[in-house]
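Below is start_15.txt, holding compact mmCIF, C-alpha atoms.
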```txt
# COMPACT_ATOMS: atom_id res chain seq x y z
CA MET C 1 45.07 -38.95 75.74
CA GLY C 2 48.81 -39.35 76.17
CA ASP C 3 49.15 -36.33 78.45
CA HIS C 4 52.60 -37.37 79.56
CA ASP C 5 53.97 -38.34 76.18
CA HIS C 6 56.60 -35.71 75.37
CA THR C 7 58.36 -37.66 72.66
CA ALA C 8 56.48 -36.69 69.50
CA PRO C 9 54.17 -33.90 68.40
CA LEU C 10 50.51 -34.85 68.48
CA PRO C 11 48.72 -35.40 65.18
CA ASP C 12 46.55 -32.40 64.27
CA VAL C 13 43.26 -34.23 64.76
CA VAL C 14 44.26 -35.37 68.26
CA LEU C 15 45.22 -31.83 69.19
CA ARG C 16 41.97 -30.41 67.80
CA VAL C 17 39.81 -32.87 69.74
CA LYS C 18 41.80 -32.25 72.92
CA THR C 19 41.47 -28.50 72.37
CA LEU C 20 37.71 -28.73 71.88
CA GLU C 21 37.21 -30.97 74.89
CA SER C 22 39.41 -28.83 77.16
CA LEU C 23 37.62 -25.65 76.11
CA LEU C 24 34.14 -27.12 76.57
CA VAL C 25 35.07 -28.52 79.98
CA GLU C 26 36.69 -25.23 81.05
CA LYS C 27 33.56 -23.31 79.97
CA LYS C 28 31.45 -25.89 81.81
CA LEU C 29 29.53 -26.73 78.62
CA VAL C 30 30.26 -30.43 79.00
CA ASP C 31 30.66 -32.60 82.08
CA PRO C 32 33.69 -34.93 81.75
CA GLU C 33 31.86 -37.63 83.73
CA ALA C 34 29.03 -37.57 81.21
CA LEU C 35 31.59 -38.08 78.42
CA ASP C 36 33.00 -41.12 80.21
CA ALA C 37 29.49 -42.48 80.77
CA LEU C 38 28.62 -42.09 77.08
CA ILE C 39 31.79 -43.89 76.00
CA ASP C 40 31.15 -46.72 78.43
CA LEU C 41 27.57 -47.07 77.24
CA TYR C 42 28.46 -47.42 73.56
CA GLU C 43 31.75 -49.24 73.96
CA ASN C 44 30.70 -51.80 76.57
CA GLN C 45 26.92 -52.01 76.81
CA ILE C 46 25.28 -51.40 73.45
CA GLY C 47 26.36 -53.57 70.55
CA PRO C 48 25.28 -56.22 68.03
CA LYS C 49 24.42 -58.54 70.92
CA ASN C 50 21.22 -56.49 71.33
CA GLY C 51 20.15 -57.22 67.77
CA ALA C 52 21.20 -60.87 68.07
CA ARG C 53 18.82 -61.27 71.03
CA VAL C 54 15.99 -59.78 68.98
CA VAL C 55 16.71 -62.09 66.03
CA ALA C 56 16.98 -65.23 68.17
CA ARG C 57 13.67 -64.40 69.87
CA ALA C 58 12.01 -63.96 66.46
CA TRP C 59 13.37 -67.36 65.36
CA VAL C 60 11.87 -69.21 68.32
CA ASP C 61 8.69 -67.21 68.94
CA PRO C 62 6.33 -66.75 65.95
CA GLU C 63 4.17 -64.24 67.81
CA PHE C 64 7.18 -62.09 68.61
CA LYS C 65 8.35 -62.38 64.99
CA ALA C 66 4.97 -61.14 63.71
CA TRP C 67 5.18 -58.20 66.16
CA LEU C 68 8.76 -57.43 65.10
CA LEU C 69 7.90 -57.34 61.41
CA LYS C 70 4.82 -55.20 62.01
CA ASP C 71 6.21 -52.83 64.66
CA ALA C 72 9.94 -53.24 65.29
CA THR C 73 10.06 -50.03 67.35
CA GLY C 74 7.66 -51.51 69.92
CA ALA C 75 8.99 -55.07 69.72
CA VAL C 76 12.62 -53.98 70.26
CA ALA C 77 11.62 -51.53 73.02
CA SER C 78 10.24 -54.53 74.95
CA PHE C 79 13.87 -55.63 75.52
CA GLY C 80 14.62 -52.34 77.33
CA PHE C 81 17.97 -51.74 75.61
CA ALA C 82 19.77 -48.60 76.67
CA SER C 83 19.73 -46.88 73.32
CA ASP C 84 17.73 -44.44 71.25
CA LYS C 85 14.28 -45.93 71.50
CA GLY C 86 12.83 -42.73 70.11
CA LYS C 87 13.97 -43.78 66.64
CA THR C 88 11.55 -45.62 64.43
CA LEU C 89 12.88 -49.12 63.74
CA VAL C 90 11.93 -51.43 60.89
CA ALA C 91 12.99 -55.09 60.67
CA VAL C 92 13.07 -56.60 57.17
CA GLU C 93 12.96 -60.36 56.74
CA ASN C 94 15.24 -62.47 54.57
CA THR C 95 13.58 -65.50 52.97
CA PRO C 96 14.74 -68.04 50.35
CA LYS C 97 13.50 -65.59 47.67
CA VAL C 98 14.24 -62.19 49.23
CA HIS C 99 17.55 -60.80 50.48
CA ASN C 100 17.70 -57.40 52.21
CA LEU C 101 20.72 -55.08 52.41
CA VAL C 102 21.01 -51.92 54.54
CA VAL C 103 23.02 -48.82 53.59
CA CYS C 104 23.03 -45.08 54.17
CA THR C 105 24.21 -43.45 50.95
CA LEU C 106 24.09 -39.84 52.24
CA CYS C 107 25.96 -40.28 55.52
CA SER C 108 26.21 -43.28 57.86
CA CYS C 109 22.83 -43.69 59.55
CA TYR C 110 22.81 -47.00 61.38
CA PRO C 111 20.53 -48.80 63.86
CA TRP C 112 22.52 -47.91 67.00
CA ALA C 113 19.82 -49.35 69.25
CA THR C 114 20.17 -52.88 67.90
CA LEU C 115 23.73 -52.94 66.54
CA GLY C 116 25.74 -50.34 68.45
CA LEU C 117 28.11 -48.06 66.51
CA PRO C 118 28.82 -48.79 62.82
CA PRO C 119 32.00 -50.48 61.55
CA VAL C 120 34.36 -48.49 59.33
CA TRP C 121 33.40 -50.33 56.13
CA TYR C 122 29.73 -49.35 56.55
CA LYS C 123 30.77 -45.69 56.80
CA SER C 124 33.24 -45.94 53.91
CA ALA C 125 32.73 -44.21 50.56
CA PRO C 126 33.01 -47.45 48.52
CA TYR C 127 30.16 -49.12 50.43
CA ARG C 128 27.96 -46.00 50.35
CA ALA C 129 28.60 -45.48 46.62
CA ARG C 130 28.23 -49.09 45.51
CA ALA C 131 25.71 -50.91 47.75
CA ALA C 132 22.66 -49.25 46.17
CA LYS C 133 23.97 -49.68 42.62
CA GLU C 134 25.84 -52.98 42.41
CA PRO C 135 24.69 -54.95 45.45
CA ARG C 136 25.54 -58.36 43.96
CA SER C 137 29.14 -57.40 43.41
CA VAL C 138 29.38 -55.88 46.92
CA LEU C 139 27.85 -59.04 48.42
CA HIS C 140 30.36 -61.12 46.45
CA GLU C 141 33.18 -59.24 48.21
CA PHE C 142 31.62 -60.29 51.52
CA GLY C 143 31.53 -63.89 50.31
CA THR C 144 27.75 -63.86 49.90
CA GLU C 145 26.43 -65.32 46.66
CA LEU C 146 22.72 -65.25 45.81
CA ASP C 147 20.84 -67.14 43.13
CA ASP C 148 19.54 -65.05 40.23
CA ASP C 149 15.95 -65.61 41.28
CA VAL C 150 16.51 -64.06 44.71
CA GLU C 151 15.23 -60.48 44.82
CA ILE C 152 17.61 -58.02 46.46
CA ARG C 153 16.00 -55.22 48.41
CA ILE C 154 18.21 -52.25 49.25
CA TRP C 155 17.16 -50.14 52.24
CA ASP C 156 18.72 -46.68 52.00
CA SER C 157 18.39 -45.24 55.54
CA ASN C 158 18.10 -41.61 54.45
CA ALA C 159 15.46 -40.57 57.01
CA GLU C 160 15.03 -41.02 60.77
CA VAL C 161 13.91 -44.62 60.30
CA ARG C 162 16.48 -47.32 61.02
CA TYR C 163 16.47 -50.65 59.24
CA PHE C 164 17.95 -53.98 60.24
CA VAL C 165 17.68 -57.43 58.71
CA LEU C 166 16.02 -60.45 60.25
CA PRO C 167 18.29 -63.12 58.71
CA GLU C 168 17.16 -66.64 57.82
CA ARG C 169 17.60 -69.18 60.58
CA PRO C 170 20.19 -71.65 59.29
CA GLU C 171 19.21 -75.25 58.74
CA GLY C 172 20.48 -77.68 61.33
CA THR C 173 19.78 -75.38 64.29
CA GLU C 174 16.43 -76.86 65.25
CA GLY C 175 17.79 -78.27 68.50
CA LEU C 176 19.43 -75.07 69.70
CA SER C 177 18.05 -72.96 72.53
CA GLU C 178 17.33 -69.25 72.17
CA GLU C 179 20.54 -68.47 74.10
CA GLU C 180 22.59 -70.68 71.77
CA LEU C 181 21.01 -69.05 68.72
CA VAL C 182 21.98 -65.58 70.00
CA GLU C 183 25.64 -66.61 69.68
CA LEU C 184 25.22 -67.42 65.96
CA VAL C 185 23.80 -64.07 64.87
CA THR C 186 26.38 -61.63 63.52
CA ARG C 187 26.29 -57.90 62.95
CA ASP C 188 26.99 -58.42 59.24
CA ALA C 189 23.97 -60.72 58.90
CA MET C 190 21.74 -58.06 60.47
CA LEU C 191 22.96 -55.59 57.85
CA GLY C 192 22.45 -58.12 55.05
CA VAL C 193 26.03 -58.41 53.81
CA SER C 194 26.23 -62.00 54.99
CA LYS C 195 24.05 -64.88 56.14
CA VAL C 196 23.98 -66.66 59.47
CA SER C 197 25.85 -69.97 59.41
CA ALA C 198 25.02 -73.02 61.46
CA PRO C 199 27.70 -73.96 64.00
CA LYS C 200 30.30 -76.36 62.59
CA GLY C 201 29.20 -79.95 62.45
CA ARG C 202 25.54 -79.02 62.40
CA ASP C 203 25.22 -78.11 58.70
CA ALA C 204 22.30 -79.79 57.02
CA MET Z 1 27.27 -27.27 49.47
CA SER Z 2 29.23 -29.43 47.06
CA GLY Z 3 27.01 -32.51 47.18
CA VAL Z 4 30.09 -34.72 47.49
CA HIS Z 5 28.41 -36.63 50.33
CA ASP Z 6 25.66 -37.82 47.96
CA LEU Z 7 27.56 -40.95 47.01
CA ALA Z 8 25.07 -43.47 45.59
CA GLY Z 9 26.19 -44.69 42.19
CA ARG Z 10 29.33 -42.56 42.07
CA PRO Z 11 31.87 -44.50 39.97
CA GLY Z 12 35.54 -45.05 40.70
CA PHE Z 13 35.51 -46.57 44.16
CA GLY Z 14 37.33 -49.84 44.77
CA PRO Z 15 36.35 -52.79 46.93
CA VAL Z 16 34.77 -52.45 50.36
CA VAL Z 17 37.62 -52.97 52.81
CA ARG Z 18 36.81 -54.78 56.03
CA GLU Z 19 38.73 -55.22 59.24
CA ALA Z 20 38.71 -58.46 61.22
CA ALA Z 21 37.66 -58.15 64.87
CA GLU Z 22 37.19 -54.41 64.52
CA PRO Z 23 37.13 -52.51 67.83
CA VAL Z 24 34.31 -50.03 68.57
CA PHE Z 25 36.89 -47.20 68.60
CA HIS Z 26 40.35 -47.28 67.03
CA GLU Z 27 41.91 -44.31 68.85
CA GLU Z 28 41.34 -42.50 72.10
CA TRP Z 29 40.51 -39.25 70.23
CA GLU Z 30 37.65 -41.07 68.47
CA ARG Z 31 36.20 -42.03 71.85
CA ARG Z 32 36.40 -38.45 73.06
CA MET Z 33 34.97 -37.04 69.81
CA PHE Z 34 32.07 -39.48 69.86
CA ALA Z 35 31.16 -38.44 73.41
CA LEU Z 36 31.66 -34.72 72.72
CA MET Z 37 29.21 -34.86 69.83
CA VAL Z 38 26.53 -36.78 71.72
CA ALA Z 39 26.91 -34.57 74.81
CA THR Z 40 26.75 -31.28 72.90
CA PHE Z 41 23.87 -32.56 70.75
CA ALA Z 42 22.00 -33.40 73.97
CA GLY Z 43 22.58 -29.78 74.98
CA GLY Z 44 19.88 -28.88 72.50
CA GLU Z 45 21.64 -26.07 70.64
CA PHE Z 46 21.64 -27.85 67.28
CA ASN Z 47 19.48 -30.52 65.67
CA LEU Z 48 20.54 -33.57 63.64
CA ASP Z 49 19.83 -31.89 60.31
CA GLU Z 50 21.98 -28.90 61.23
CA PHE Z 51 24.69 -31.38 62.23
CA ARG Z 52 24.49 -33.23 58.90
CA TYR Z 53 24.39 -29.97 56.97
CA ALA Z 54 27.52 -28.78 58.77
CA ILE Z 55 29.35 -31.95 57.63
CA GLU Z 56 28.11 -31.37 54.09
CA ARG Z 57 29.75 -27.95 54.10
CA MET Z 58 33.24 -29.49 54.36
CA GLU Z 59 35.56 -29.06 51.39
CA PRO Z 60 34.99 -32.06 49.07
CA LYS Z 61 38.60 -33.24 49.36
CA GLU Z 62 38.57 -32.92 53.14
CA TYR Z 63 35.24 -34.76 53.27
CA LEU Z 64 36.38 -37.70 51.16
CA GLU Z 65 39.74 -38.03 52.90
CA GLY Z 66 38.39 -37.48 56.41
CA SER Z 67 37.11 -40.27 58.61
CA TYR Z 68 33.68 -40.39 60.26
CA TYR Z 69 34.85 -38.84 63.52
CA GLU Z 70 36.88 -36.18 61.67
CA HIS Z 71 33.58 -35.17 60.03
CA TRP Z 72 32.03 -35.00 63.48
CA LEU Z 73 34.91 -32.84 64.78
CA PHE Z 74 34.51 -30.38 61.92
CA ALA Z 75 30.74 -30.15 62.41
CA VAL Z 76 30.77 -29.75 66.20
CA GLU Z 77 33.48 -27.03 66.05
CA GLN Z 78 31.57 -25.27 63.28
CA LEU Z 79 28.15 -25.41 64.97
CA LEU Z 80 29.35 -24.36 68.41
CA ILE Z 81 31.13 -21.37 66.84
CA GLU Z 82 28.06 -20.46 64.78
CA LYS Z 83 25.83 -20.71 67.83
CA GLY Z 84 28.17 -18.41 69.74
CA LEU Z 85 29.04 -20.97 72.43
CA ILE Z 86 32.75 -20.90 71.66
CA SER Z 87 34.93 -18.74 69.39
CA GLU Z 88 37.81 -19.42 67.04
CA ALA Z 89 39.99 -17.21 69.25
CA GLU Z 90 39.20 -19.33 72.32
CA LEU Z 91 40.07 -22.49 70.38
CA ARG Z 92 43.36 -20.94 69.25
CA VAL Z 93 44.34 -19.90 72.79
CA MET Z 94 43.45 -23.31 74.23
CA ARG Z 95 45.42 -25.08 71.51
CA GLU Z 96 48.50 -22.97 72.26
CA ARG Z 97 48.18 -23.77 75.96
CA ILE Z 98 48.02 -27.49 75.23
CA GLU Z 99 50.97 -27.34 72.82
CA LYS Z 100 53.06 -25.48 75.37
CA ARG Z 101 52.24 -28.02 78.05
CA LYS Z 102 53.43 -30.77 75.69
CA SER Z 103 56.76 -29.27 74.66
CA PRO Z 104 59.72 -30.40 76.79
CA MET V 1 23.11 -24.98 76.41
CA THR V 2 21.82 -27.65 78.79
CA VAL V 3 24.81 -29.47 80.23
CA LEU V 4 24.43 -33.24 80.06
CA LYS V 5 25.12 -34.89 83.43
CA ALA V 6 26.44 -38.44 83.79
CA LYS V 7 23.36 -39.57 85.68
CA ASP V 8 21.13 -38.42 82.79
CA VAL V 9 23.12 -40.08 80.00
CA GLU V 10 20.98 -43.19 79.59
CA ARG V 11 17.69 -41.33 79.78
CA VAL V 12 18.76 -38.64 77.30
CA VAL V 13 20.29 -41.07 74.85
CA LYS V 14 17.02 -43.01 74.81
CA LEU V 15 14.96 -40.01 73.85
CA SER V 16 17.05 -37.76 71.64
CA GLY V 17 17.08 -37.40 67.89
CA SER V 18 14.01 -39.32 66.80
CA GLY V 19 12.88 -36.59 64.41
CA ARG V 20 9.33 -37.78 64.97
CA ILE V 21 6.62 -35.28 65.76
CA GLU V 22 3.35 -36.12 67.47
CA LYS V 23 1.25 -33.85 65.37
CA ASP V 24 -1.86 -34.52 63.35
CA VAL V 25 -0.77 -33.62 59.83
CA PRO V 26 -2.84 -35.06 56.97
CA PRO V 27 -0.85 -37.36 54.64
CA LYS V 28 -0.67 -36.42 50.96
CA PHE V 29 -0.04 -40.02 49.86
CA LYS V 30 -1.06 -43.53 50.87
CA PRO V 31 0.39 -47.02 50.35
CA GLY V 32 -0.07 -48.14 46.74
CA ASP V 33 0.16 -44.61 45.28
CA ARG V 34 2.41 -44.19 42.26
CA ILE V 35 4.70 -41.21 42.71
CA VAL V 36 7.54 -39.41 41.00
CA ALA V 37 10.36 -38.04 43.14
CA ARG V 38 10.86 -34.32 42.62
CA ASN V 39 13.87 -33.22 40.64
CA PHE V 40 15.45 -30.15 42.17
CA GLU V 41 19.02 -29.05 42.70
CA SER V 42 19.34 -28.33 46.42
CA LYS V 43 21.40 -25.30 47.42
CA GLY V 44 21.27 -26.33 51.06
CA HIS V 45 20.55 -29.56 52.90
CA THR V 46 18.25 -32.27 51.62
CA ARG V 47 17.71 -35.98 52.27
CA LEU V 48 16.50 -36.56 48.72
CA PRO V 49 19.57 -38.06 47.06
CA ARG V 50 20.31 -37.39 43.40
CA TYR V 51 19.89 -40.97 42.25
CA VAL V 52 16.14 -41.02 42.93
CA ARG V 53 15.29 -37.51 41.69
CA GLY V 54 12.81 -37.62 38.82
CA LYS V 55 12.31 -41.40 39.23
CA ARG V 56 9.00 -43.20 39.54
CA GLY V 57 8.17 -45.40 42.50
CA VAL V 58 5.34 -46.83 44.59
CA VAL V 59 4.51 -45.83 48.18
CA GLU V 60 4.79 -48.89 50.45
CA ARG V 61 4.33 -47.65 54.01
CA ASP V 62 3.48 -44.48 55.91
CA HIS V 63 5.99 -43.98 58.77
CA GLY V 64 4.12 -41.06 60.37
CA VAL V 65 5.01 -37.39 60.84
CA TYR V 66 8.60 -36.10 61.02
CA VAL V 67 10.44 -32.80 60.83
CA PHE V 68 11.41 -31.74 57.31
CA PRO V 69 15.22 -31.85 56.95
CA ASP V 70 15.59 -29.16 54.28
CA THR V 71 14.19 -26.45 56.57
CA ASN V 72 15.16 -28.02 59.91
CA ALA V 73 18.83 -27.88 58.81
CA LEU V 74 18.56 -24.09 58.85
CA GLY V 75 17.38 -24.19 62.45
CA GLY V 76 13.71 -24.24 61.41
CA PRO V 77 10.89 -24.14 60.68
CA GLN V 78 10.24 -27.81 61.37
CA ASN V 79 7.61 -28.04 58.66
CA PRO V 80 6.28 -31.42 59.94
CA GLN V 81 5.00 -33.83 57.30
CA HIS V 82 4.58 -37.52 56.56
CA VAL V 83 7.49 -39.76 55.62
CA TYR V 84 6.85 -42.85 53.52
CA ASN V 85 8.86 -45.82 52.45
CA VAL V 86 8.87 -45.86 48.65
CA ARG V 87 9.93 -48.73 46.37
CA PHE V 88 11.77 -48.12 43.10
CA ASP V 89 12.75 -50.69 40.50
CA PHE V 90 16.48 -50.81 39.78
CA ARG V 91 15.79 -50.40 36.05
CA GLU V 92 13.99 -47.12 36.73
CA ILE V 93 16.94 -45.86 38.75
CA TRP V 94 19.98 -47.17 36.94
CA GLY V 95 18.69 -47.82 33.41
CA GLU V 96 19.27 -50.80 31.14
CA ASP V 97 22.52 -51.93 32.74
CA ALA V 98 21.00 -52.16 36.22
CA GLU V 99 21.70 -55.35 38.18
CA ALA V 100 18.79 -57.75 37.65
CA ASN V 101 16.13 -58.59 40.22
CA ALA V 102 16.82 -55.73 42.62
CA VAL V 103 14.70 -52.96 44.11
CA LEU V 104 15.43 -49.87 46.19
CA HIS V 105 13.48 -48.88 49.28
CA ILE V 106 14.01 -45.31 50.43
CA ASP V 107 12.14 -42.92 52.73
CA LEU V 108 10.61 -39.82 51.18
CA TRP V 109 8.87 -36.83 52.78
CA ASP V 110 5.64 -35.41 51.31
CA ASP V 111 7.54 -32.46 49.82
CA TYR V 112 9.91 -34.79 47.93
CA MET V 113 7.11 -36.37 45.87
CA GLU V 114 4.45 -35.64 43.30
CA PRO V 115 1.71 -37.98 42.12
CA ALA V 116 2.73 -39.86 38.95
CA GLU V 117 0.29 -39.03 36.11
```

Let me see the structure of the file written as structure tokens.
Amino acid sequence: MGDHDHTAPLPDVVLRVKTLESLLVEKKLVDPEALDALIDLYENQIGPKNGARVVARAWVDPEFKAWLLKDATGAVASFGFASDKGKTLVAVENTPKVHNLVVCTLCSCYPWATLGLPPVWYKSAPYRARAAKEPRSVLHEFGTELDDDVEIRIWDSNAEVRYFVLPERPEGTEGLSEEELVELVTRDAMLGVSKVSAPKGRDA
Amino acid sequence: MSGVHDLAGRPGFGPVVREAAEPVFHEEWERRMFALMVATFAGGEFNLDEFRYAIERMEPKEYLEGSYYEHWLFAVEQLLIEKGLISEAELRVMRERIEKRKSP
Amino acid sequence: MTVLKAKDVERVVKLSGSGRIEKDVPPKFKPGDRIVARNFESKGHTRLPRYVRGKRGVVERDHGVYVFPDTNALGGPQNPQHVYNVRFDFREIWGEDAEANAVLHIDLWDDYMEPAE
């Protein structure tokens, strides 16, 4: 934390966090090694790749997809990801006539187990205020346009249930392997603000 | 509680601003704050609803201007003080020690 | 306070904060029920946001039994009860100017709902 930087005063928030950490360590209320382990876990091990593996499996394996849509908690637990498997998970499926969008209007609840930690825009006041009221205009800002006959379903994650979107498999990806499909799936598509695109040159 | 956190439908917000290739953490203090919250939460002295309620007790202006991990900082400080695990005096003394160490 | 050790990080992270309670509490509602969300001004903590208060919806799914946030936020009691996913039409929530062809799904505890009619 810049211990040896004597050139400028530390911003207040940096000083407060350092104060809190130093006090808790001194009082032996936290173990610094546990802090490092937590950071490593969420910075380097848990991320949207987890969710992408779940989505790709659902695209290639109809039995797994049926399980995922019926009991996402159990289906995702079968991957053994190192994240809060105690949370109830629900996967919601996009189809040509239904588009799902995930938000937490009261705070920033997010499916850590499948997507890691949330991006700043998801936690921002504009997204939390607008996604559940004017989803089409929010989606437009993300470059996602839906036909009028597509029903938008907003999932406000206000309880201890975490939602994520099973996006549509793009056309032109029939020949791809499960591993190749994993690479196509983005965090934004699993939140519903965008769709998954086929790799260039493979568009139908 | 002001209810400022209850944002759905509140008018006056501009576009959703995104960041290309956003890192998991932007600053080292965010990393530390993230871990401090998860570690103290695992300590079992406060539950998730108490944690959320602590954030909701921030001043509305501070809440809206503060980032996610600033909310967490406020709540963890608040809860650990309320639970008697640390005191404001201890925080003040530690802060002075750190500031002294930093000054040339 | 239990001090979290590095070797326990993965195990603890996997188990903490689910809010779920393995307790046999009878549900007050079932999928298909028409409900109206209660309309109260909370002086403390609640997970019933303003925009659904007083609105009519339909229960879609029973998620099981969870702690009740409004009392749990005060350190207890846990007041375990069922949580359901409930669907609301955008028109019901936002009125005539609501964006077309959109619905809201939100999770409501037993104590946040009353039967409609």

Quiz item: Which residue gives the smallest distance to chain V among C:Arg16, C:Lys70, C:Arg136, C:Arg57, with only C-alpha atoms counted?
Solution: C:Arg136

Do you have, as a Markdown table, the list of residues of chain C lying at most 10 Å from chain V, each with its nearest atom pair and that distance in Å to one decimal, counting all atoms listed in the file and ordered by chain then number?
```
| residue | atom | partner | partner_atom | distance |
| --- | --- | --- | --- | --- |
| C:Lys28 | CA | V:Val3 | CA | 7.7 |
| C:Leu29 | CA | V:Val3 | CA | 5.7 |
| C:Val30 | CA | V:Val3 | CA | 5.7 |
| C:Asp31 | CA | V:Lys5 | CA | 6.1 |
| C:Pro32 | CA | V:Ala6 | CA | 8.3 |
| C:Glu33 | CA | V:Ala6 | CA | 5.5 |
| C:Ala34 | CA | V:Ala6 | CA | 3.8 |
| C:Leu35 | CA | V:Ala6 | CA | 7.4 |
| C:Asp36 | CA | V:Ala6 | CA | 7.9 |
| C:Ala37 | CA | V:Ala6 | CA | 5.9 |
| C:Leu38 | CA | V:Val9 | CA | 6.5 |
| C:Leu41 | CA | V:Glu10 | CA | 8.0 |
| C:Gly80 | CA | V:Lys14 | CA | 10.0 |
| C:Phe81 | CA | V:Lys14 | CA | 8.8 |
| C:Ala82 | CA | V:Glu10 | CA | 6.3 |
| C:Ser83 | CA | V:Lys14 | CA | 5.0 |
| C:Asp84 | CA | V:Lys14 | CA | 3.9 |
| C:Lys85 | CA | V:Lys14 | CA | 5.2 |
| C:Gly86 | CA | V:Ser18 | CA | 4.9 |
| C:Lys87 | CA | V:Ser18 | CA | 4.5 |
| C:Thr88 | CA | V:Ser18 | CA | 7.2 |
| C:Leu89 | CA | V:His63 | CA | 9.9 |
| C:Val90 | CA | V:His63 | CA | 9.8 |
| C:Val98 | CA | V:Ala102 | CA | 9.6 |
| C:His99 | CA | V:Ala102 | CA | 9.4 |
| C:Asn100 | CA | V:Val103 | CA | 9.7 |
| C:Leu101 | CA | V:Leu104 | CA | 9.7 |
| C:Val102 | CA | V:His105 | CA | 9.7 |
| C:Cys104 | CA | V:Ile106 | CA | 9.8 |
| C:Thr105 | CA | V:Pro49 | CA | 8.1 |
| C:Leu106 | CA | V:Pro49 | CA | 7.1 |
| C:Cys107 | CA | V:Arg47 | CA | 9.9 |
| C:Ala113 | CA | V:Lys14 | CA | 8.9 |
| C:Ala132 | CA | V:Leu104 | CA | 7.3 |
| C:Lys133 | CA | V:Trp94 | CA | 7.4 |
| C:Glu134 | CA | V:Glu99 | CA | 6.4 |
| C:Pro135 | CA | V:Glu99 | CA | 7.9 |
| C:Arg136 | CA | V:Glu99 | CA | 7.6 |
| C:Ser137 | CA | V:Glu99 | CA | 9.3 |
| C:Asp148 | CA | V:Asn101 | CA | 7.3 |
| C:Asp149 | CA | V:Asn101 | CA | 7.1 |
| C:Val150 | CA | V:Asn101 | CA | 7.1 |
| C:Glu151 | CA | V:Asn101 | CA | 5.1 |
| C:Ile152 | CA | V:Ala102 | CA | 4.5 |
| C:Arg153 | CA | V:Val103 | CA | 5.0 |
| C:Ile154 | CA | V:Leu104 | CA | 4.8 |
| C:Trp155 | CA | V:His105 | CA | 4.9 |
| C:Asp156 | CA | V:Ile106 | CA | 5.2 |
| C:Ser157 | CA | V:Ile106 | CA | 6.7 |
| C:Asn158 | CA | V:Arg47 | CA | 6.0 |
| C:Ala159 | CA | V:Asp107 | CA | 5.9 |
| C:Glu160 | CA | V:Gly19 | CA | 6.1 |
| C:Val161 | CA | V:Asp107 | CA | 8.0 |
```

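In terms of minimum interatomic distance to chain V, Z:Arg52 ranks closest within Z:Lys61, Z:His26, Z:Lys100, Z:Arg52, counting all atoms listed in the file.
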
Quiz prompt | Residue list for chain Z near chain C as an MDAnalysis selection string, 9 Å, all atoms listed in the file | solution = chainID Z and resid 5:19 22:25 28:36 38:40 43 52 64 67:68 70 73 77 85:86 90:92 94:99 101:104

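Put simply, atom CA of C:Leu115 is 16.5 Å away from atom CA of C:Gly74.
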
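Residue nearest chain Z, chosen from V:Lys43, V:Lys55, V:His82, V:Arg61 and counting all atoms listed in the file: V:Lys43.
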
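Between atom CA of C:Val54 and atom CA of V:Ile21 the interatomic distance comes to 26.4 Å.
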
Quiz item: atom CA of V:Leu74 and atom CA of Z:Glu56 are how many Å apart?
Solution: 12.9 Å

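Here the question is which of Z:Pro60, Z:Gly44, Z:Gly84, Z:Gly66 gets nearest to chain V using all atoms listed in the file, and that residue is Z:Gly44.
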
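Compared by their closest atoms to chain Z, and using only C-alpha atoms, the residues V:Val52, V:Val59, V:Val25, V:Ala37 rank with V:Val52 nearest.
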
Taking all atoms of stretch 76-80 of chain Z that appear in the file, build a box with edges along x, y and z, extend it by 6 Å on every side, and state its centre and edge lengths in Å to one decimal, as lines of an AutoDock Vina configuration file.
```
center_x = 30.8
center_y = -27.1
center_z = 65.8
size_x = 17.3
size_y = 17.4
size_z = 17.1
```

Exercise. Skip V:Met113 itself and residues of its chain fewer than 2 positions away, then list as a PyMOL selection string all residues within 7 Å of it, counting all atoms listed in the file.
Key: chain V and resi 35-38+110-111+115
